[in-house]
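Source file: entry-v4.cif. Holds: mmCIF, C-alpha atoms.
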data_run
#
loop_
_atom_site.group_PDB
_atom_site.id
_atom_site.type_symbol
_atom_site.label_atom_id
_atom_site.label_comp_id
_atom_site.auth_asym_id
_atom_site.auth_seq_id
_atom_site.Cartn_x
_atom_site.Cartn_y
_atom_site.Cartn_z
ATOM 1 C CA LEU A 29 15.976 -0.483 -11.177
ATOM 2 C CA SER A 30 17.416 0.439 -14.583
ATOM 3 C CA LEU A 31 19.200 3.418 -13.060
ATOM 4 C CA GLU A 32 20.864 1.037 -10.600
ATOM 5 C CA GLY A 33 22.231 -1.106 -13.439
ATOM 6 C CA HIS A 34 19.606 -3.842 -13.488
ATOM 7 C CA GLU A 35 18.287 -5.149 -16.784
ATOM 8 C CA VAL A 36 14.513 -4.714 -16.684
ATOM 9 C CA SER A 37 11.700 -6.209 -18.762
ATOM 10 C CA VAL A 38 8.337 -4.548 -18.259
ATOM 11 C CA CYS A 39 5.019 -6.321 -18.762
ATOM 12 C CA PHE A 40 1.722 -4.513 -18.502
ATOM 13 C CA GLU A 41 -0.588 -7.461 -17.908
ATOM 14 C CA GLY A 42 -0.480 -11.066 -16.745
ATOM 15 C CA THR A 43 -0.469 -12.969 -20.048
ATOM 16 C CA GLU A 44 2.517 -10.929 -21.213
ATOM 17 C CA THR A 45 4.247 -11.713 -17.893
ATOM 18 C CA VAL A 46 3.601 -15.443 -18.233
ATOM 19 C CA ARG A 47 4.966 -15.429 -21.806
ATOM 20 C CA SER A 48 8.103 -13.569 -20.678
ATOM 21 C CA LEU A 49 8.721 -15.954 -17.756
ATOM 22 C CA ALA A 50 8.316 -18.951 -20.088
ATOM 23 C CA ALA A 51 10.621 -17.481 -22.746
ATOM 24 C CA GLN A 52 13.632 -16.477 -20.666
ATOM 25 C CA ALA A 53 15.220 -16.732 -17.235
ATOM 26 C CA PHE A 54 14.987 -13.890 -14.742
ATOM 27 C CA ASP A 55 16.656 -13.324 -11.389
ATOM 28 C CA ALA A 56 13.438 -11.886 -9.945
ATOM 29 C CA VAL A 57 9.878 -11.106 -10.882
ATOM 30 C CA ILE A 58 8.212 -8.093 -9.310
ATOM 31 C CA VAL A 59 4.472 -8.261 -9.795
ATOM 32 C CA ASN A 60 1.668 -5.941 -8.839
ATOM 33 C CA ALA A 61 -0.799 -8.138 -6.948
ATOM 34 C CA ALA A 62 -3.597 -6.469 -8.911
ATOM 35 C CA ILE A 63 -2.107 -7.329 -12.322
ATOM 36 C CA PRO A 64 -4.852 -7.804 -14.928
ATOM 37 C CA ARG A 65 -5.736 -10.973 -16.889
ATOM 38 C CA VAL A 66 -3.744 -13.540 -14.886
ATOM 39 C CA PRO A 67 -3.954 -13.956 -11.106
ATOM 40 C CA CYS A 68 -0.831 -12.868 -9.264
ATOM 41 C CA ALA A 69 -0.774 -16.322 -7.638
ATOM 42 C CA ASP A 70 -0.287 -17.969 -11.052
ATOM 43 C CA ILE A 71 2.704 -15.732 -11.770
ATOM 44 C CA ILE A 72 4.221 -16.477 -8.354
ATOM 45 C CA THR A 73 3.726 -20.220 -8.937
ATOM 46 C CA LEU A 74 5.479 -19.975 -12.299
ATOM 47 C CA ALA A 75 8.328 -18.021 -10.705
ATOM 48 C CA GLN A 76 8.726 -20.686 -7.992
ATOM 49 C CA GLU A 77 8.760 -23.466 -10.595
ATOM 50 C CA THR A 78 11.720 -21.771 -12.273
ATOM 51 C CA ASP A 79 13.521 -20.840 -9.008
ATOM 52 C CA THR A 80 12.933 -17.149 -9.700
ATOM 53 C CA LEU A 81 12.603 -14.790 -6.740
ATOM 54 C CA SER A 82 9.111 -13.281 -6.516
ATOM 55 C CA LEU A 83 8.107 -9.988 -4.950
ATOM 56 C CA ALA A 84 4.461 -8.947 -4.780
ATOM 57 C CA LEU A 85 3.544 -5.275 -4.663
ATOM 58 C CA ILE A 86 0.393 -4.872 -2.594
ATOM 59 C CA GLY A 87 -2.031 -2.052 -1.949
ATOM 60 C CA ARG A 88 -2.430 -2.683 1.774
ATOM 61 C CA LYS A 89 -0.415 -3.374 4.894
ATOM 62 C CA ILE A 90 1.168 -6.781 5.332
ATOM 63 C CA SER A 91 -1.233 -8.924 7.347
ATOM 64 C CA THR A 92 -1.224 -12.388 8.862
ATOM 65 C CA GLY A 93 -3.788 -13.528 6.292
ATOM 66 C CA LEU A 94 -1.595 -12.360 3.449
ATOM 67 C CA LEU A 95 1.385 -14.248 4.909
ATOM 68 C CA LEU A 96 -0.677 -17.452 4.958
ATOM 69 C CA CYS A 97 -1.593 -17.295 1.256
ATOM 70 C CA THR A 98 -0.376 -19.915 -1.153
ATOM 71 C CA PRO A 99 1.584 -19.614 -3.234
ATOM 72 C CA LEU A 100 3.640 -17.289 -1.092
ATOM 73 C CA PRO A 101 6.035 -14.847 -2.769
ATOM 74 C CA ASN A 102 9.491 -14.358 -1.293
ATOM 75 C CA ALA A 103 8.444 -10.880 -0.171
ATOM 76 C CA TYR A 104 5.627 -8.366 -0.086
ATOM 77 C CA LEU A 105 6.045 -4.625 -0.487
ATOM 78 C CA PRO A 106 3.059 -2.370 0.222
ATOM 79 C CA PHE A 107 2.337 0.724 -1.885
ATOM 80 C CA PRO A 108 3.488 3.478 -1.615
ATOM 81 C CA PHE A 109 7.189 2.746 -1.306
ATOM 82 C CA LEU A 110 10.454 4.472 -2.046
ATOM 83 C CA PRO A 111 12.788 3.146 -4.753
ATOM 84 C CA GLU A 112 15.378 2.437 -2.037
ATOM 85 C CA GLU A 113 12.893 0.168 -0.266
ATOM 86 C CA LEU A 114 12.395 -1.922 -3.402
ATOM 87 C CA LEU A 115 16.134 -2.135 -4.042
ATOM 88 C CA SER A 116 16.797 -3.136 -0.436
ATOM 89 C CA LEU A 117 14.111 -5.815 -0.528
ATOM 90 C CA ILE A 118 15.490 -7.290 -3.750
ATOM 91 C CA ASP A 119 19.005 -7.329 -2.267
ATOM 92 C CA ARG A 120 17.811 -8.988 0.970
ATOM 93 C CA CYS A 121 15.887 -11.671 -0.950
ATOM 94 C CA ALA A 122 18.808 -12.339 -3.289
ATOM 95 C CA ALA A 123 21.250 -12.563 -0.356
ATOM 96 C CA LEU A 124 19.065 -15.136 1.417
ATOM 97 C CA ALA A 125 18.549 -17.160 -1.766
ATOM 98 C CA ALA A 126 22.294 -17.248 -2.419
ATOM 99 C CA SER A 127 23.304 -17.886 1.189
ATOM 100 C CA GLY A 128 22.979 -21.669 1.266
ATOM 101 C CA LYS A 129 22.575 -21.258 5.022
ATOM 102 C CA THR A 130 20.154 -22.513 7.613
ATOM 103 C CA LEU A 131 18.924 -20.860 10.782
ATOM 104 C CA GLU A 132 19.071 -23.272 13.690
ATOM 105 C CA LEU A 133 16.263 -22.780 16.210
ATOM 106 C CA PRO A 134 15.110 -25.054 19.043
ATOM 107 C CA ASP A 135 13.560 -28.149 17.401
ATOM 108 C CA THR A 136 13.371 -26.278 14.078
ATOM 109 C CA ARG A 137 15.653 -25.505 11.170
ATOM 110 C CA ILE A 138 14.910 -22.776 8.642
ATOM 111 C CA ASP A 139 16.349 -23.222 5.139
ATOM 112 C CA LEU A 140 17.152 -19.591 4.354
ATOM 113 C CA SER A 141 17.957 -20.103 0.688
ATOM 114 C CA ALA A 142 14.718 -22.030 0.080
ATOM 115 C CA PHE A 143 12.608 -19.654 2.225
ATOM 116 C CA CYS A 144 11.028 -22.564 4.124
ATOM 117 C CA ILE A 145 10.915 -24.571 7.321
ATOM 118 C CA SER A 146 13.358 -27.401 6.537
ATOM 119 C CA GLY A 147 11.824 -30.767 5.792
ATOM 120 C CA THR A 148 8.393 -29.248 5.124
ATOM 121 C CA SER A 149 6.580 -27.443 2.345
ATOM 122 C CA VAL A 150 5.846 -24.503 4.675
ATOM 123 C CA ARG A 151 7.211 -21.383 2.971
ATOM 124 C CA LEU A 152 8.319 -18.153 4.630
ATOM 125 C CA THR A 153 8.758 -14.603 3.383
ATOM 126 C CA VAL A 154 11.908 -12.571 3.852
ATOM 127 C CA GLY A 155 10.025 -10.569 6.520
ATOM 128 C CA GLU A 156 9.270 -13.711 8.518
ATOM 129 C CA ILE A 157 12.850 -14.929 8.197
ATOM 130 C CA GLU A 158 14.224 -11.573 9.337
ATOM 131 C CA ALA A 159 11.818 -11.619 12.306
ATOM 132 C CA LEU A 160 13.092 -15.098 13.244
ATOM 133 C CA GLN A 161 16.714 -13.989 12.893
ATOM 134 C CA ALA A 162 16.018 -11.034 15.191
ATOM 135 C CA LEU A 163 14.264 -13.267 17.745
ATOM 136 C CA ALA A 164 17.088 -15.813 17.608
ATOM 137 C CA SER A 165 19.675 -13.092 18.191
ATOM 138 C CA GLY A 166 17.778 -11.827 21.231
ATOM 139 C CA THR A 167 17.310 -8.336 19.799
ATOM 140 C CA PRO A 168 13.857 -8.278 18.189
ATOM 141 C CA PRO A 169 12.536 -5.037 16.722
ATOM 142 C CA GLU A 170 9.502 -3.191 18.085
ATOM 143 C CA PRO A 171 6.466 -5.446 18.632
ATOM 144 C CA GLU A 172 4.188 -3.419 16.351
ATOM 145 C CA LYS A 173 6.473 -4.171 13.377
ATOM 146 C CA LEU A 174 6.551 -7.883 14.218
ATOM 147 C CA SER A 175 2.845 -8.581 14.804
ATOM 148 C CA PRO A 176 1.743 -9.933 11.412
ATOM 149 C CA TYR A 177 4.945 -11.960 11.095
ATOM 150 C CA ILE A 178 4.689 -13.442 14.609
ATOM 151 C CA ASN A 179 1.076 -14.487 14.140
ATOM 152 C CA ALA A 180 1.837 -16.112 10.784
ATOM 153 C CA LEU A 181 4.998 -17.805 12.109
ATOM 154 C CA ASN A 182 3.128 -19.350 15.032
ATOM 155 C CA LEU A 183 0.497 -20.750 12.653
ATOM 156 C CA LYS A 184 3.197 -21.997 10.272
ATOM 157 C CA PHE A 185 5.148 -23.691 13.088
ATOM 158 C CA ALA A 186 1.949 -25.517 14.107
ATOM 159 C CA LEU A 187 1.280 -26.464 10.474
ATOM 160 C CA ALA A 188 4.826 -27.853 10.223
ATOM 161 C CA GLY A 189 4.313 -29.873 13.433
ATOM 162 C CA LYS A 190 6.884 -27.842 15.365
ATOM 163 C CA ALA A 191 6.612 -27.040 19.080
ATOM 164 C CA LEU A 192 8.354 -23.708 18.578
ATOM 165 C CA ARG A 193 6.387 -20.482 18.910
ATOM 166 C CA ALA A 194 6.943 -16.825 19.610
ATOM 167 C CA GLU A 195 5.294 -15.304 22.643
ATOM 168 C CA TYR A 196 5.185 -11.819 24.086
ATOM 169 C CA LYS A 197 6.268 -11.175 27.645
ATOM 170 C CA ASN A 198 5.813 -7.769 29.296
ATOM 171 C CA GLN A 199 9.027 -5.817 29.746
ATOM 172 C CA GLU A 200 10.907 -8.325 27.551
ATOM 173 C CA GLY A 201 9.089 -8.314 24.216
ATOM 174 C CA TYR A 202 8.818 -11.303 21.913
ATOM 175 C CA ARG A 203 10.906 -14.414 22.438
ATOM 176 C CA LEU A 204 11.004 -17.947 21.062
ATOM 177 C CA VAL A 205 9.692 -20.707 23.338
ATOM 178 C CA ASN A 206 8.906 -24.388 23.132
ATOM 179 C CA ALA A 207 5.095 -24.710 23.139
ATOM 180 C CA ASN A 208 5.387 -27.967 25.104
ATOM 181 C CA GLU A 209 6.983 -26.153 28.047
ATOM 182 C CA LYS A 210 5.048 -24.045 30.527
ATOM 183 C CA SER A 211 5.344 -20.279 30.161
ATOM 184 C CA GLU A 212 6.908 -18.352 33.019
#

Spell out the structure here as C-alpha cells.
Amino acid sequence: LSLEGHEVSVCFEGTETVRSLAAQAFDAVIVNAAIPRVPCADIITLAQETDTLSLALIGRKISTGLLLCTPLPNAYLPFPFLPEELLSLIDRCAALAASGKTLELPDTRIDLSAFCISGTSVRLTVGEIEALQALASGTPPEPEKLSPYINALNLKFALAGKALRAEYKNQEGYRLVNANEKSE
C-alpha cells in the first residue's frame, strides 16, 4: 500500500488498533480477522461508527455464514492474496462508498454508498453488491463464484422483508425473481 502512495499506519494487535482508530481518522481499516487482544468484530464496529471502510482478512474461503455475521465489514479477502487483489478491493469499496448511488431492483433498492438494503439495517459486502449488479445487468459470472453471495443475499432479502430472491435455472444461470411469483 505504501508503494502505491497510500499513507499506512500499522498496528500489531487489537488494543493498538482501537487506540489508533479513536485518535485519528482513516479512510479504511484493514484488519486480520485473527487479530489478538480485541475481537475483529469490535474493530469493525468502531470503523462503522466513524464511517471508515473496513476490510477483513480471513484465513478461509468466503462462506454464507461469514456473510451473515454482524457486524459485517465492507469486504472480506481470504489469505493468500496478491497485493493487486487488496488494492483492487480497496478501490472497489471506496468507489461504492463515494458513489452516492442506488441500485434499483424489483421491489428493492440497494444503497451502494451505505452498503445496505435501503430502509433497513441489513448490510451487504462489496462482493454481494457486485453479484447483484451482475444479476441486474443480466450477465452474472460463473455460478461457483456466486454461491456464497447468492445464499446470503436470499437470506438477507427475507430478513429485510423483500420478495426478491436469486434462483438458478438450468441453461440460464442465476437470475433475480419475485418470490411471490411462481417459478417457470

Task: Result set, the PyMOL selection byres ((chain A and resi 55) around 10) on current file, as a list in words - done: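 Those residues are Glu35, Ala53, Phe54, Ala56, Val57, Ala75, Thr78, Asp79, Thr80, Leu81, Ser82, Ile118 and Ala122 of chain A.
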
- [ ] For CA of Lys173 in chain A and CA of Thr92 in chain A, quote the distance in Å rounded to one decimal.
- [x]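 A separation of 12.1 Å between them.
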
Task: Distance in Å - CA of Val59 in chain A versus CA of Ala103 in chain A - done: 10.7 Å

- [ ] Have a look at CA of Pro171 in chain A and CA of Asn60 in chain A and let me know their distance in Å, one decimal.
- [x]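 Rounded to one decimal, the two atoms are 27.9 Å apart.
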
Task: Nearest to Asn206 in chain A by atom-to-atom distance, counting only C-alpha atoms, from A:Ala159, A:Pro134, A:Cys144, A:Ile178 - done: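 Nearest to Asn206 in chain A: A:Pro134.
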
Task: Nearest to Ala162 in chain A, chosen from A:Gly189, A:Gly128, A:Gly201, A:Pro176, with only C-alpha atoms counted in the distances - done: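 When distances to Ala162 in chain A are compared using only C-alpha atoms, the smallest one comes from A:Gly201.
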
- [ ] Considering all atoms listed in the file, state which residue in the set A:Ala125, A:Ile72, A:Leu115, A:Gly93 is at the smallest distance from Gly33 in chain A.
- [x]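 Of the candidates, the smallest distance to Gly33 in chain A is held by A:Leu115.
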
For Lys89 in chain A, list every protein, DNA or RNA residue within 9 Å, evaluated using all atoms listed in the file, and leave out those in the same chain fewer than 4 positions away; present the list as an mmCIF file with C-alpha atoms, keeping the file's coordinate frame.
data_model
loop_
_atom_site.group_PDB
_atom_site.id
_atom_site.type_symbol
_atom_site.label_atom_id
_atom_site.label_comp_id
_atom_site.auth_asym_id
_atom_site.auth_seq_id
_atom_site.Cartn_x
_atom_site.Cartn_y
_atom_site.Cartn_z
ATOM 1 C CA LEU A 105 6.045 -4.625 -0.487
ATOM 2 C CA PRO A 106 3.059 -2.370 0.222
ATOM 3 C CA PHE A 107 2.337 0.724 -1.885
#

Task: Exercise: Lys129 in chain A partners within 12 Å, only C-alpha atoms, chain neighbours under 5 positions left out, as a VMD selection string - done: chain A and resid 123 to 124 137 to 144 146

Save the residues we just selected, C-alpha atoms, as a PDB file, in the frame of the given file?
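Output file again-v9.pdb follows:
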ATOM      1  CA  ALA A 123      21.250 -12.563  -0.356  1.00  0.00           C
ATOM      2  CA  LEU A 124      19.065 -15.136   1.417  1.00  0.00           C
ATOM      3  CA  ARG A 137      15.653 -25.505  11.170  1.00  0.00           C
ATOM      4  CA  ILE A 138      14.910 -22.776   8.642  1.00  0.00           C
ATOM      5  CA  ASP A 139      16.349 -23.222   5.139  1.00  0.00           C
ATOM      6  CA  LEU A 140      17.152 -19.591   4.354  1.00  0.00           C
ATOM      7  CA  SER A 141      17.957 -20.103   0.688  1.00  0.00           C
ATOM      8  CA  ALA A 142      14.718 -22.030   0.080  1.00  0.00           C
ATOM      9  CA  PHE A 143      12.608 -19.654   2.225  1.00  0.00           C
ATOM     10  CA  CYS A 144      11.028 -22.564   4.124  1.00  0.00           C
ATOM     11  CA  SER A 146      13.358 -27.401   6.537  1.00  0.00           C
TER      12      SER A 146
END

Open item on the list: Which residue is closest to Asp119 in chain A? Choose from A:Gln161, A:Asn208, A:His34, A:Leu100 and count only C-alpha atoms.
Closed with: A:His34

Here's the selection I'm unsure about, the PyMOL selection byres ((chain A and resi 95) around 12); applied to the file above, which residues does it give, as a PDB file with C-alpha atoms, keeping the file's coordinate frame?
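Saved the output as part_1.pdb:
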ATOM      1  CA  ALA A  84       4.461  -8.947  -4.780  1.00  0.00           C
ATOM      2  CA  LYS A  89      -0.415  -3.374   4.894  1.00  0.00           C
ATOM      3  CA  ILE A  90       1.168  -6.781   5.332  1.00  0.00           C
ATOM      4  CA  SER A  91      -1.233  -8.924   7.347  1.00  0.00           C
ATOM      5  CA  THR A  92      -1.224 -12.388   8.862  1.00  0.00           C
ATOM      6  CA  GLY A  93      -3.788 -13.528   6.292  1.00  0.00           C
ATOM      7  CA  LEU A  94      -1.595 -12.360   3.449  1.00  0.00           C
ATOM      8  CA  LEU A  96      -0.677 -17.452   4.958  1.00  0.00           C
ATOM      9  CA  CYS A  97      -1.593 -17.295   1.256  1.00  0.00           C
ATOM     10  CA  THR A  98      -0.376 -19.915  -1.153  1.00  0.00           C
ATOM     11  CA  PRO A  99       1.584 -19.614  -3.234  1.00  0.00           C
ATOM     12  CA  LEU A 100       3.640 -17.289  -1.092  1.00  0.00           C
ATOM     13  CA  PRO A 101       6.035 -14.847  -2.769  1.00  0.00           C
ATOM     14  CA  ASN A 102       9.491 -14.358  -1.293  1.00  0.00           C
ATOM     15  CA  ALA A 103       8.444 -10.880  -0.171  1.00  0.00           C
ATOM     16  CA  TYR A 104       5.627  -8.366  -0.086  1.00  0.00           C
ATOM     17  CA  LEU A 105       6.045  -4.625  -0.487  1.00  0.00           C
ATOM     18  CA  VAL A 150       5.846 -24.503   4.675  1.00  0.00           C
ATOM     19  CA  ARG A 151       7.211 -21.383   2.971  1.00  0.00           C
ATOM     20  CA  LEU A 152       8.319 -18.153   4.630  1.00  0.00           C
ATOM     21  CA  THR A 153       8.758 -14.603   3.383  1.00  0.00           C
ATOM     22  CA  VAL A 154      11.908 -12.571   3.852  1.00  0.00           C
ATOM     23  CA  GLY A 155      10.025 -10.569   6.520  1.00  0.00           C
ATOM     24  CA  GLU A 156       9.270 -13.711   8.518  1.00  0.00           C
ATOM     25  CA  ILE A 157      12.850 -14.929   8.197  1.00  0.00           C
ATOM     26  CA  SER A 175       2.845  -8.581  14.804  1.00  0.00           C
ATOM     27  CA  PRO A 176       1.743  -9.933  11.412  1.00  0.00           C
ATOM     28  CA  TYR A 177       4.945 -11.960  11.095  1.00  0.00           C
ATOM     29  CA  ILE A 178       4.689 -13.442  14.609  1.00  0.00           C
ATOM     30  CA  ASN A 179       1.076 -14.487  14.140  1.00  0.00           C
ATOM     31  CA  ALA A 180       1.837 -16.112  10.784  1.00  0.00           C
ATOM     32  CA  LEU A 181       4.998 -17.805  12.109  1.00  0.00           C
ATOM     33  CA  ASN A 182       3.128 -19.350  15.032  1.00  0.00           C
ATOM     34  CA  LEU A 183       0.497 -20.750  12.653  1.00  0.00           C
ATOM     35  CA  LYS A 184       3.197 -21.997  10.272  1.00  0.00           C
TER      36      LYS A 184
END

Can you translate the PyMOL selection byres ((chain A and resi 38-48) around 7) into the concrete residues it hits in this file, as a PDB file with C-alpha atoms, in the coordinates of the input?
ATOM      1  CA  VAL A  36      14.513  -4.714 -16.684  1.00  0.00           C
ATOM      2  CA  SER A  37      11.700  -6.209 -18.762  1.00  0.00           C
ATOM      3  CA  LEU A  49       8.721 -15.954 -17.756  1.00  0.00           C
ATOM      4  CA  ALA A  50       8.316 -18.951 -20.088  1.00  0.00           C
ATOM      5  CA  ALA A  51      10.621 -17.481 -22.746  1.00  0.00           C
ATOM      6  CA  GLN A  52      13.632 -16.477 -20.666  1.00  0.00           C
ATOM      7  CA  ILE A  63      -2.107  -7.329 -12.322  1.00  0.00           C
ATOM      8  CA  PRO A  64      -4.852  -7.804 -14.928  1.00  0.00           C
ATOM      9  CA  ARG A  65      -5.736 -10.973 -16.889  1.00  0.00           C
ATOM     10  CA  VAL A  66      -3.744 -13.540 -14.886  1.00  0.00           C
ATOM     11  CA  ILE A  71       2.704 -15.732 -11.770  1.00  0.00           C
TER      12      ILE A  71
END

Can you tell me which residues surround Ala164 in chain A at a distance of at most 10 Å, considering only C-alpha atoms, apart from same-chain residues fewer than 3 positions away, and format the answer as a PDB file with C-alpha atoms, in the frame of the given file?
ATOM      1  CA  LEU A 131      18.924 -20.860  10.782  1.00  0.00           C
ATOM      2  CA  GLU A 132      19.071 -23.272  13.690  1.00  0.00           C
ATOM      3  CA  LEU A 133      16.263 -22.780  16.210  1.00  0.00           C
ATOM      4  CA  PRO A 134      15.110 -25.054  19.043  1.00  0.00           C
ATOM      5  CA  GLU A 158      14.224 -11.573   9.337  1.00  0.00           C
ATOM      6  CA  ALA A 159      11.818 -11.619  12.306  1.00  0.00           C
ATOM      7  CA  LEU A 160      13.092 -15.098  13.244  1.00  0.00           C
ATOM      8  CA  GLN A 161      16.714 -13.989  12.893  1.00  0.00           C
ATOM      9  CA  THR A 167      17.310  -8.336  19.799  1.00  0.00           C
ATOM     10  CA  PRO A 168      13.857  -8.278  18.189  1.00  0.00           C
ATOM     11  CA  ARG A 203      10.906 -14.414  22.438  1.00  0.00           C
ATOM     12  CA  LEU A 204      11.004 -17.947  21.062  1.00  0.00           C
TER      13      LEU A 204
END

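Among the candidates A:Thr73, A:Glu200, A:Ser127, A:Pro108, the one nearest to Ile86 in chain A when counting all atoms listed in the file is A:Pro108.
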
Centre and edges of the range 37-44 of chain A box, axis-aligned, 5 Å extra per side, as lines of an AutoDock Vina configuration file:
center_x = 5.6
center_y = -8.7
center_z = -19.0
size_x = 22.3
size_y = 18.5
size_z = 14.5
